[in-house]
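Worksheet for the structure shown next.
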Amino acid sequence: MAIKLEHQTVAQCSPEQVWSVFSRVDQWPQWSRMFTAAGWVGEPWQPGSEIFMELSQPALKVKGKVEECTLGQSFTIKGGAMGVEVKHWFEFSPQGTATLMRSGIELSGPATFCLSKAMQRKGLDSFAQWFESLREHAERTAALT
């Protein structure tokens, strides 16, 4: 059985402005304490390319392969480790002059039974903090232009 975790927020700026911040993967650690490093292996945003992330808490290095990408709108990566498959998707949709930012993680595989509700909540909280940091940074950046 898959575990699905989702978060959404609304940024008071355009999808293009949100994507402009999101797309600079190597700068994620500058505005989010979740990462110590992030970058690409291969051509950015292309199916089959890999995105790598070094997480700060817990200290962990992860990679995901780009499954699909519509620049400025959506992005899906797949990866996994230690018996857990991970599919992570992002969507940025116009909502008037704002942007509905949605993202979700689907965890599957034989080791998902080890993920307690507390672990799931902690993972979602950590991810939600990063996504809210993305929103805040996009809004600040948009206000400067």
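Chains: A, B, ... in order of the structure tokens. Residues: from 1 per chain. Ligands: from 1, in order shown.
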
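Near segment 77-81 of chain A, within a cut-off of 9 Å and counting only C-alpha atoms, sit the residues Pro47, Glu50, Ile51, Val62, Lys63, Gly64, Lys65, Val66, Glu67, Glu68, Cys69, Val86, Lys87, His88, Trp89 and Leu107 of chain A, with same-chain residues fewer than 5 positions away left out.
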
(request) Please provide as a list in words all residues within 8 Å of Thr112 of chain A, with the sequence filter that same-chain residues fewer than 2 positions apart are discarded (counting only C-alpha atoms). (result) Ala2, Ile3, Gly83, Val84, Leu107, Ser108, Gly109, Pro110, Cys114 and Leu115 of chain A

(request) Mind listing the alpha helix (DSSP H) residues of chain A, per DSSP on the backbone, as a ChimeraX atom specification? (result) /A:15-22,28-31,117-144

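Every protein or nucleic acid residue with an atom no more than 7 Å from Ser56 of chain A, counting only C-alpha atoms and leaving out same-chain residues fewer than 2 positions away, appears here: Met34, Phe35, Thr36, Glu54, Pro58, Ala59 and Leu60 of chain A.
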
Output file for the residues above (N, CA and C atoms, as a short mmCIF file (atom, residue, chain, number, x, y, z; two decimals), in the first residue's frame):
```
data_model
loop_
_atom_site.label_atom_id
_atom_site.label_comp_id
_atom_site.auth_asym_id
_atom_site.auth_seq_id
_atom_site.Cartn_x
_atom_site.Cartn_y
_atom_site.Cartn_z
N MET A 34 16.67 23.04 4.68
CA MET A 34 16.51 21.61 4.43
C MET A 34 17.69 21.01 3.66
N PHE A 35 18.36 21.86 2.83
CA PHE A 35 19.40 21.36 1.94
C PHE A 35 20.76 21.96 2.27
N THR A 36 21.79 21.13 2.09
CA THR A 36 23.16 21.65 2.14
C THR A 36 23.72 21.77 0.73
N GLU A 54 21.40 17.06 -1.11
CA GLU A 54 22.00 16.69 0.17
C GLU A 54 21.14 17.34 1.24
N PRO A 58 17.65 14.53 8.34
CA PRO A 58 18.92 13.91 8.68
C PRO A 58 19.91 14.09 7.54
N ALA A 59 21.19 14.07 7.84
CA ALA A 59 22.22 14.19 6.82
C ALA A 59 22.07 13.01 5.87
N LEU A 60 21.69 13.31 4.65
CA LEU A 60 21.36 12.26 3.69
C LEU A 60 21.54 12.78 2.28
#
```

(request) Tell me which protein, DNA and RNA residues are within 12 Å of Arg135 of chain A, counting only C-alpha atoms, leaving out same-chain ones fewer than 4 positions away, and put them as a count of residues only. (result) 30

Might you pull out every residue within 9 Å of Gln27 of chain A, with only C-alpha atoms counted and same-chain residues fewer than 6 positions away left off, and present them as a PDB file with all heavy atoms, in the first residue's frame?
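What ended up in result22.pdb:
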```
ATOM      1  N   VAL A  21      12.378  30.872  -9.161  1.00  0.00           N
ATOM      2  CA  VAL A  21      13.098  30.515  -7.934  1.00  0.00           C
ATOM      3  C   VAL A  21      13.286  28.999  -7.858  1.00  0.00           C
ATOM      4  O   VAL A  21      14.388  28.507  -7.588  1.00  0.00           O
ATOM      5  CB  VAL A  21      12.347  31.042  -6.690  1.00  0.00           C
ATOM      6  CG1 VAL A  21      12.966  30.509  -5.404  1.00  0.00           C
ATOM      7  CG2 VAL A  21      12.334  32.568  -6.688  1.00  0.00           C
ATOM      8  N   ALA A  37      23.133  21.035  -0.223  1.00  0.00           N
ATOM      9  CA  ALA A  37      23.541  21.129  -1.629  1.00  0.00           C
ATOM     10  C   ALA A  37      22.428  20.533  -2.491  1.00  0.00           C
ATOM     11  O   ALA A  37      21.650  19.690  -2.036  1.00  0.00           O
ATOM     12  CB  ALA A  37      24.846  20.364  -1.873  1.00  0.00           C
ATOM     13  N   ALA A  38      22.375  20.994  -3.736  1.00  0.00           N
ATOM     14  CA  ALA A  38      21.434  20.445  -4.716  1.00  0.00           C
ATOM     15  C   ALA A  38      21.969  20.785  -6.098  1.00  0.00           C
ATOM     16  O   ALA A  38      22.647  21.795  -6.286  1.00  0.00           O
ATOM     17  CB  ALA A  38      20.039  21.023  -4.520  1.00  0.00           C
ATOM     18  N   GLY A  39      21.676  19.946  -7.064  1.00  0.00           N
ATOM     19  CA  GLY A  39      22.160  20.189  -8.421  1.00  0.00           C
ATOM     20  C   GLY A  39      21.706  19.104  -9.371  1.00  0.00           C
ATOM     21  O   GLY A  39      20.873  18.254  -9.037  1.00  0.00           O
TER      22      GLY A  39
END
```

(message) as a PyMOL selection string, please: every residue in chain A that a backbone DSSP assignment puts in strand (DSSP E).
(response) chain A and resi 3-11+35-41+50-55+60-70+74-81+84-95+98-108

(request) Return the single residue from A:Ala138, A:Ala111, A:Met53, A:Leu5 that is closest to Leu124 of chain A, with distances computed using only C-alpha atoms. (result) A:Leu5

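For the residues A:Pro44, A:Glu16, A:Ser126, A:Thr145, ranking by smallest atom-to-atom distance to Pro94 of chain A using only C-alpha atoms places A:Glu16 first.
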
(message) Please report the interatomic distance between atom CA of Ser49 of chain A and atom CA of Phe127 of chain A in Å with one decimal.
(response) 22.2 Å

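Relative to atom CA of Ser133 of chain A, atom CA of Arg121 of chain A is found at 18.1 Å.
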
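Among A:Met82, A:Met1, A:His137, A:Ile105, the residue with the shortest atom-to-atom distance to Arg24 of chain A, counting only C-alpha atoms, is A:His137.
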